[in-house]
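For reference, work-v4.pdb is printed below; it contains PDB, C-alpha atoms, pLDDT in the B column.
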MODEL        1
ATOM      1  CA  MET A 271    -112.621 153.200  91.570  1.00 48.00           C
ATOM      2  CA  ARG A 272    -114.243 155.829  89.362  1.00 44.00           C
ATOM      3  CA  THR A 273    -112.912 158.613  91.593  1.00 42.00           C
ATOM      4  CA  ARG A 274    -109.369 157.359  91.091  1.00 41.00           C
ATOM      5  CA  TYR A 275    -109.765 157.588  87.294  1.00 37.00           C
ATOM      6  CA  ILE A 276    -111.221 161.069  87.527  1.00 38.00           C
ATOM      7  CA  GLY A 277    -108.317 162.148  89.759  1.00 37.00           C
ATOM      8  CA  ALA A 278    -105.811 160.714  87.298  1.00 33.00           C
ATOM      9  CA  ALA A 279    -107.544 162.440  84.379  1.00 33.00           C
ATOM     10  CA  VAL A 280    -107.503 165.793  86.205  1.00 31.00           C
ATOM     11  CA  ALA A 281    -103.796 165.391  86.956  1.00 33.00           C
ATOM     12  CA  LEU A 282    -103.042 164.574  83.322  1.00 32.00           C
ATOM     13  CA  LEU A 283    -105.071 167.509  82.039  1.00 32.00           C
ATOM     14  CA  THR A 284    -103.365 169.873  84.485  1.00 33.00           C
ATOM     15  CA  ALA A 285     -99.924 168.686  83.394  1.00 33.00           C
ATOM     16  CA  ALA A 286    -100.868 168.974  79.721  1.00 34.00           C
ATOM     17  CA  ALA A 287    -102.207 172.496  80.203  1.00 35.00           C
ATOM     18  CA  GLY A 288     -98.978 173.494  81.938  1.00 36.00           C
ATOM     19  CA  ALA A 289     -96.905 172.055  79.103  1.00 34.00           C
ATOM     20  CA  VAL A 290     -98.965 173.925  76.512  1.00 34.00           C
ATOM     21  CA  ALA A 291     -98.633 177.170  78.451  1.00 34.00           C
ATOM     22  CA  LEU A 292     -94.866 176.766  78.675  1.00 34.00           C
ATOM     23  CA  SER A 293     -94.533 175.939  74.984  1.00 34.00           C
ATOM     24  CA  ARG A 294     -96.607 178.976  74.028  1.00 34.00           C
ATOM     25  CA  SER A 295     -94.770 181.359  76.309  1.00 38.00           C
ATOM     26  CA  GLY A 296     -91.999 181.717  73.741  1.00 48.00           C
ATOM     27  CA  THR A 297     -89.358 182.047  76.424  1.00 62.00           C
ATOM     28  CA  SER A 298     -86.152 180.145  76.146  1.00 81.00           C
ATOM     29  CA  SER A 299     -83.238 179.814  78.481  1.00 95.00           C
ATOM     30  CA  LEU A 300     -80.286 182.159  78.261  1.00 96.00           C
ATOM     31  CA  GLN A 301     -78.162 179.185  77.178  1.00 94.00           C
ATOM     32  CA  ASP A 302     -80.545 178.521  74.254  1.00 95.00           C
ATOM     33  CA  GLN A 303     -80.528 182.201  73.273  1.00 97.00           C
ATOM     34  CA  ILE A 304     -76.722 182.255  73.303  1.00 97.00           C
ATOM     35  CA  MET A 305     -76.541 179.080  71.186  1.00 96.00           C
ATOM     36  CA  THR A 306     -78.953 180.557  68.651  1.00 96.00           C
ATOM     37  CA  ARG A 307     -77.039 183.858  68.467  1.00 96.00           C
ATOM     38  CA  MET A 308     -73.720 182.008  68.178  1.00 96.00           C
ATOM     39  CA  ARG A 309     -74.986 179.736  65.380  1.00 96.00           C
ATOM     40  CA  THR A 310     -76.609 182.604  63.475  1.00 95.00           C
ATOM     41  CA  SER A 311     -73.523 184.815  63.800  1.00 95.00           C
ATOM     42  CA  LEU A 312     -71.235 182.092  62.462  1.00 95.00           C
ATOM     43  CA  GLU A 313     -73.547 181.153  59.605  1.00 94.00           C
ATOM     44  CA  GLN A 314     -73.954 184.753  58.484  1.00 92.00           C
ATOM     45  CA  SER A 315     -70.316 185.805  58.869  1.00 84.00           C
ATOM     46  CA  SER A 316     -68.053 186.660  55.987  1.00 69.00           C
ATOM     47  CA  PRO A 317     -64.622 185.043  55.638  1.00 55.00           C
ATOM     48  CA  GLU A 318     -63.052 188.217  57.017  1.00 56.00           C
ATOM     49  CA  GLN A 319     -65.322 188.216  60.077  1.00 60.00           C
ATOM     50  CA  HIS A 320     -64.830 184.516  60.727  1.00 60.00           C
ATOM     51  CA  GLN A 321     -61.020 184.751  60.481  1.00 55.00           C
ATOM     52  CA  HIS A 322     -60.787 181.023  59.871  1.00 56.00           C
ATOM     53  CA  ALA A 323     -58.330 179.326  57.556  1.00 50.00           C
ATOM     54  CA  GLY A 324     -60.284 177.808  54.688  1.00 48.00           C
ATOM     55  CA  HIS A 325     -63.518 179.765  55.264  1.00 48.00           C
ATOM     56  CA  GLY A 326     -62.952 181.679  52.034  1.00 52.00           C
ATOM     57  CA  ALA A 327     -62.919 178.417  50.083  1.00 49.00           C
ATOM     58  CA  GLN A 328     -66.713 178.283  49.853  1.00 53.00           C
ATOM     59  CA  ALA A 329     -68.541 178.443  46.549  1.00 59.00           C
ATOM     60  CA  ALA A 330     -70.370 181.650  45.670  1.00 63.00           C
ATOM     61  CA  ASN A 331     -73.879 180.279  46.308  1.00 74.00           C
ATOM     62  CA  ALA A 332     -73.037 177.901  49.157  1.00 86.00           C
ATOM     63  CA  ALA A 333     -74.512 178.297  52.610  1.00 91.00           C
ATOM     64  CA  VAL A 334     -72.460 177.849  55.749  1.00 92.00           C
ATOM     65  CA  ILE A 335     -74.324 175.604  58.206  1.00 96.00           C
ATOM     66  CA  CYS A 336     -73.024 175.415  61.777  1.00 96.00           C
ATOM     67  CA  GLY A 337     -73.457 173.404  64.919  1.00 97.00           C
ATOM     68  CA  VAL A 338     -72.308 174.963  68.188  1.00 97.00           C
ATOM     69  CA  ARG A 339     -71.651 174.174  71.807  1.00 97.00           C
ATOM     70  CA  VAL A 340     -71.430 176.861  74.470  1.00 97.00           C
ATOM     71  CA  TYR A 341     -68.783 176.221  77.123  1.00 97.00           C
ATOM     72  CA  GLY A 342     -69.526 179.417  79.005  1.00 96.00           C
ATOM     73  CA  TYR A 343     -69.980 183.156  78.811  1.00 97.00           C
ATOM     74  CA  GLU A 344     -69.003 186.368  80.546  1.00 96.00           C
ATOM     75  CA  PRO A 345     -70.129 187.731  82.778  1.00 95.00           C
ATOM     76  CA  ALA A 346     -71.150 184.384  84.284  1.00 94.00           C
ATOM     77  CA  GLU A 347     -73.926 186.097  86.255  1.00 95.00           C
ATOM     78  CA  ALA A 348     -75.541 187.601  83.108  1.00 96.00           C
ATOM     79  CA  GLY A 349     -79.306 187.414  83.269  1.00 95.00           C
ATOM     80  CA  THR A 350     -80.164 188.326  79.685  1.00 96.00           C
ATOM     81  CA  LEU A 351     -78.534 187.994  76.277  1.00 96.00           C
ATOM     82  CA  THR A 352     -77.838 191.727  76.193  1.00 96.00           C
ATOM     83  CA  ASP A 353     -75.787 191.358  79.414  1.00 97.00           C
ATOM     84  CA  VAL A 354     -73.426 188.823  77.783  1.00 97.00           C
ATOM     85  CA  THR A 355     -70.142 190.319  76.558  1.00 97.00           C
ATOM     86  CA  ALA A 356     -68.221 187.182  75.493  1.00 97.00           C
ATOM     87  CA  VAL A 357     -69.118 183.606  74.592  1.00 98.00           C
ATOM     88  CA  TYR A 358     -66.646 180.713  74.668  1.00 98.00           C
ATOM     89  CA  GLY A 359     -67.580 177.639  72.706  1.00 97.00           C
ATOM     90  CA  PHE A 360     -67.003 175.187  69.895  1.00 97.00           C
ATOM     91  CA  HIS A 361     -68.204 175.348  66.306  1.00 95.00           C
ATOM     92  CA  LEU A 362     -68.396 172.879  63.451  1.00 95.00           C
ATOM     93  CA  CYS A 363     -69.520 174.397  60.177  1.00 93.00           C
ATOM     94  CA  GLY A 364     -69.981 172.787  56.787  1.00 93.00           C
ATOM     95  CA  VAL A 365     -70.033 174.668  53.495  1.00 91.00           C
ATOM     96  CA  ALA A 366     -73.224 173.337  51.875  1.00 94.00           C
ATOM     97  CA  GLU A 367     -72.598 173.380  48.132  1.00 94.00           C
ATOM     98  CA  GLN A 368     -75.473 171.943  46.103  1.00 94.00           C
ATOM     99  CA  GLN A 369     -75.450 168.138  45.981  1.00 96.00           C
ATOM    100  CA  ARG A 370     -72.134 167.904  47.878  1.00 96.00           C
ATOM    101  CA  PRO A 371     -72.365 165.253  50.614  1.00 97.00           C
ATOM    102  CA  TRP A 372     -71.261 166.120  54.145  1.00 97.00           C
ATOM    103  CA  ASP A 373     -68.318 163.729  54.040  1.00 96.00           C
ATOM    104  CA  VAL A 374     -66.594 165.729  51.284  1.00 95.00           C
ATOM    105  CA  ALA A 375     -67.752 169.235  52.270  1.00 94.00           C
ATOM    106  CA  VAL A 376     -65.359 171.972  53.311  1.00 90.00           C
ATOM    107  CA  LYS A 377     -65.574 172.137  57.103  1.00 90.00           C
ATOM    108  CA  LEU A 378     -64.531 174.680  59.703  1.00 89.00           C
ATOM    109  CA  ALA A 379     -64.201 173.528  63.294  1.00 91.00           C
ATOM    110  CA  GLY A 380     -62.715 174.353  66.641  1.00 93.00           C
ATOM    111  CA  PRO A 381     -62.974 176.494  69.728  1.00 95.00           C
ATOM    112  CA  VAL A 382     -64.301 179.995  69.112  1.00 95.00           C
ATOM    113  CA  ILE A 383     -64.878 183.209  71.050  1.00 96.00           C
ATOM    114  CA  LEU A 384     -67.675 185.611  70.189  1.00 96.00           C
ATOM    115  CA  ASN A 385     -67.341 189.229  71.292  1.00 96.00           C
ATOM    116  CA  MET A 386     -70.979 190.077  71.943  1.00 96.00           C
ATOM    117  CA  SER A 387     -70.334 193.773  72.566  1.00 93.00           C
ATOM    118  CA  SER A 388     -70.326 194.451  68.817  1.00 92.00           C
ATOM    119  CA  ASP A 389     -73.024 193.932  66.186  1.00 89.00           C
ATOM    120  CA  PRO A 390     -72.466 191.619  64.468  1.00 90.00           C
ATOM    121  CA  PRO A 391     -70.486 189.822  67.166  1.00 93.00           C
ATOM    122  CA  GLY A 392     -66.739 189.650  66.644  1.00 92.00           C
ATOM    123  CA  ILE A 393     -65.510 186.115  65.951  1.00 93.00           C
ATOM    124  CA  GLN A 394     -62.121 184.859  67.048  1.00 93.00           C
ATOM    125  CA  VAL A 395     -61.015 181.286  66.373  1.00 91.00           C
ATOM    126  CA  VAL A 396     -58.186 179.469  68.077  1.00 91.00           C
ATOM    127  CA  GLU A 397     -55.352 178.745  65.690  1.00 89.00           C
ATOM    128  CA  ALA A 398     -51.732 177.838  66.227  1.00 91.00           C
ATOM    129  CA  THR A 399     -48.981 180.106  64.986  1.00 91.00           C
ATOM    130  CA  ALA A 400     -45.398 179.411  63.989  1.00 94.00           C
ATOM    131  CA  GLU A 401     -44.374 180.395  67.509  1.00 96.00           C
ATOM    132  CA  VAL A 402     -47.279 179.081  69.628  1.00 96.00           C
ATOM    133  CA  LYS A 403     -48.686 175.537  69.683  1.00 96.00           C
ATOM    134  CA  TYR A 404     -52.459 175.104  69.355  1.00 94.00           C
ATOM    135  CA  VAL A 405     -52.995 173.918  72.941  1.00 96.00           C
ATOM    136  CA  ASP A 406     -50.959 176.825  74.303  1.00 96.00           C
ATOM    137  CA  ARG A 407     -52.899 179.307  72.160  1.00 96.00           C
ATOM    138  CA  LEU A 408     -56.178 177.820  73.416  1.00 96.00           C
ATOM    139  CA  ARG A 409     -55.075 178.281  77.010  1.00 97.00           C
ATOM    140  CA  GLN A 410     -54.021 181.883  76.265  1.00 96.00           C
ATOM    141  CA  MET A 411     -57.412 182.762  74.809  1.00 96.00           C
ATOM    142  CA  PHE A 412     -59.894 180.798  76.957  1.00 97.00           C
ATOM    143  CA  PRO A 413     -60.489 181.021  80.721  1.00 96.00           C
ATOM    144  CA  SER A 414     -59.169 177.869  82.390  1.00 94.00           C
ATOM    145  CA  PRO A 415     -62.424 175.922  82.917  1.00 94.00           C
ATOM    146  CA  TYR A 416     -63.545 176.570  79.335  1.00 96.00           C
ATOM    147  CA  ALA A 417     -60.118 175.704  77.924  1.00 96.00           C
ATOM    148  CA  GLU A 418     -60.274 172.321  79.635  1.00 95.00           C
ATOM    149  CA  MET A 419     -63.747 171.725  78.178  1.00 95.00           C
ATOM    150  CA  ALA A 420     -62.507 172.757  74.735  1.00 95.00           C
ATOM    151  CA  LEU A 421     -59.783 170.124  74.921  1.00 94.00           C
ATOM    152  CA  LYS A 422     -62.344 167.379  75.617  1.00 93.00           C
ATOM    153  CA  GLU A 423     -65.789 168.317  74.293  1.00 91.00           C
ATOM    154  CA  ALA A 424     -67.215 169.114  70.885  1.00 92.00           C
ATOM    155  CA  LEU A 425     -70.861 168.953  69.739  1.00 96.00           C
ATOM    156  CA  SER A 426     -73.525 166.992  71.566  1.00 95.00           C
ATOM    157  CA  THR A 427     -75.105 164.070  69.715  1.00 96.00           C
ATOM    158  CA  GLU A 428     -78.333 166.066  69.330  1.00 96.00           C
ATOM    159  CA  GLU A 429     -76.561 169.152  67.966  1.00 96.00           C
ATOM    160  CA  MET A 430     -74.591 167.019  65.492  1.00 97.00           C
ATOM    161  CA  ALA A 431     -77.785 165.343  64.242  1.00 97.00           C
ATOM    162  CA  ASP A 432     -79.431 168.758  63.850  1.00 97.00           C
ATOM    163  CA  LEU A 433     -76.379 170.093  61.993  1.00 97.00           C
ATOM    164  CA  ARG A 434     -76.382 167.163  59.573  1.00 97.00           C
ATOM    165  CA  GLY A 435     -80.086 167.525  58.871  1.00 97.00           C
ATOM    166  CA  ARG A 436     -79.796 171.260  58.221  1.00 97.00           C
ATOM    167  CA  TYR A 437     -76.681 170.698  56.075  1.00 97.00           C
ATOM    168  CA  ASP A 438     -78.417 168.061  53.938  1.00 97.00           C
ATOM    169  CA  ALA A 439     -81.402 170.360  53.423  1.00 97.00           C
ATOM    170  CA  ALA A 440     -79.176 173.303  52.446  1.00 96.00           C
ATOM    171  CA  ALA A 441     -77.157 171.114  50.049  1.00 96.00           C
ATOM    172  CA  GLY A 442     -80.355 169.772  48.436  1.00 96.00           C
ATOM    173  CA  LEU A 443     -79.686 166.188  49.484  1.00 94.00           C
TER     174      LEU A 443
ENDMDL
END
Would it be possible to restate this file's structure as structure tokens?
Amino acid sequence: MRTRYIGAAVALLTAAAGAVALSRSGTSSLQDQIMTRMRTSLEQSSPEQHQHAGHGAQAANAAVICGVRVYGYEPAEAGTLTDVTAVYGFHLCGVAEQQRPWDVAVKLAGPVILNMSSDPPGIQVVEATAEVKYVDRLRQMFPSPYAEMALKEALSTEEMADLRGRYDAAAGL
């Protein structure tokens, strides 16, 4: 009986040591690196870089806090962040003015393309024109599988919760 407990303890310690080693390695998946770069690029962009209707409406001292979802990137076989030339995804950003609750904050949302070949990355949002409907513009700009995702998917529940927490902190709530 005692041997069984010792075996179980060794297995638990081995698993714990592996988890600690992984958490200390500092490596993250390419998907995580892309999400971080996408979020940071959007949050640090100027209204001119973001090219989004309403982005310029933010107050002088307000932070832009974004949640993102990556639909895909090019080239699909990229192995590192520096190999990625374009990112297709979704963004939801809130302009965090002091003491302004999320429900009444200026928000920017929709499918977005980041051109990763420039620094900072170029940002292109999908917007309708007088001549082209939104859905048609989306299909012009996004590769087919990503366009279909963009028509159906926004932020994950976890990303939305993280966005709201970071927004509340930035707005001093």
Within 9 Å of segment 357-365 of chain A using all atoms listed in the file, minus same-chain residues under 5 positions, as a tab-separated table (two decimals) with C-alpha atoms, in the frame of the given file:
chain	number	residue	atom	x	y	z
A	304	ILE	CA	-76.72	182.26	73.30
A	308	MET	CA	-73.72	182.01	68.18
A	309	ARG	CA	-74.99	179.74	65.38
A	312	LEU	CA	-71.24	182.09	62.46
A	313	GLU	CA	-73.55	181.15	59.60
A	325	HIS	CA	-63.52	179.76	55.26
A	327	ALA	CA	-62.92	178.42	50.08
A	328	GLN	CA	-66.71	178.28	49.85
A	329	ALA	CA	-68.54	178.44	46.55
A	332	ALA	CA	-73.04	177.90	49.16
A	333	ALA	CA	-74.51	178.30	52.61
A	334	VAL	CA	-72.46	177.85	55.75
A	335	ILE	CA	-74.32	175.60	58.21
A	336	CYS	CA	-73.02	175.42	61.78
A	337	GLY	CA	-73.46	173.40	64.92
A	338	VAL	CA	-72.31	174.96	68.19
A	339	ARG	CA	-71.65	174.17	71.81
A	340	VAL	CA	-71.43	176.86	74.47
A	341	TYR	CA	-68.78	176.22	77.12
A	342	GLY	CA	-69.53	179.42	79.00
A	343	TYR	CA	-69.98	183.16	78.81
A	344	GLU	CA	-69.00	186.37	80.55
A	372	TRP	CA	-71.26	166.12	54.14
A	375	ALA	CA	-67.75	169.24	52.27
A	376	VAL	CA	-65.36	171.97	53.31
A	377	LYS	CA	-65.57	172.14	57.10
A	378	LEU	CA	-64.53	174.68	59.70
A	379	ALA	CA	-64.20	173.53	63.29
A	380	GLY	CA	-62.72	174.35	66.64
A	381	PRO	CA	-62.97	176.49	69.73
A	382	VAL	CA	-64.30	180.00	69.11
A	383	ILE	CA	-64.88	183.21	71.05
A	384	LEU	CA	-67.68	185.61	70.19
A	385	ASN	CA	-67.34	189.23	71.29
A	386	MET	CA	-70.98	190.08	71.94
A	412	PHE	CA	-59.89	180.80	76.96
A	413	PRO	CA	-60.49	181.02	80.72
A	416	TYR	CA	-63.54	176.57	79.33
A	417	ALA	CA	-60.12	175.70	77.92
A	419	MET	CA	-63.75	171.72	78.18
A	420	ALA	CA	-62.51	172.76	74.74
A	423	GLU	CA	-65.79	168.32	74.29
A	424	ALA	CA	-67.22	169.11	70.89
A	425	LEU	CA	-70.86	168.95	69.74
A	430	MET	CA	-74.59	167.02	65.49
A	433	LEU	CA	-76.38	170.09	61.99
A	434	ARG	CA	-76.38	167.16	59.57
A	437	TYR	CA	-76.68	170.70	56.08
A	441	ALA	CA	-77.16	171.11	50.05
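Restricting the calculation to all atoms listed in the file, the smallest distance between Gln394 of chain A and any of A:Arg407, A:Asp302, A:Gln369, A:Thr310 is found for A:Arg407.
Between atom CA of Glu347 of chain A and atom CA of Pro415 of chain A there is a distance of 15.7 Å.
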Task: Shortest interatomic distance to Asp438 of chain A - which of A:Leu421, A:Ala366, A:Ala346, A:Ile393, counting only C-alpha atoms - done: A:Ala366
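Distance annotation: of A:Thr350, A:Ser315, A:Gln368, A:Gln303, the residue with the minimal separation from Ala439 of chain A is A:Gln368; atom set is only C-alpha atoms.
Take atom CA of Ala348 of chain A and atom CA of Met411 of chain A: the distance between them is 20.5 Å.
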Open item on the list: I'd like the interatomic distance between atom CA of Ser414 of chain A and atom CA of Ser299 of chain A, to a tenth of an Å.
Closed with: 24.5 Å
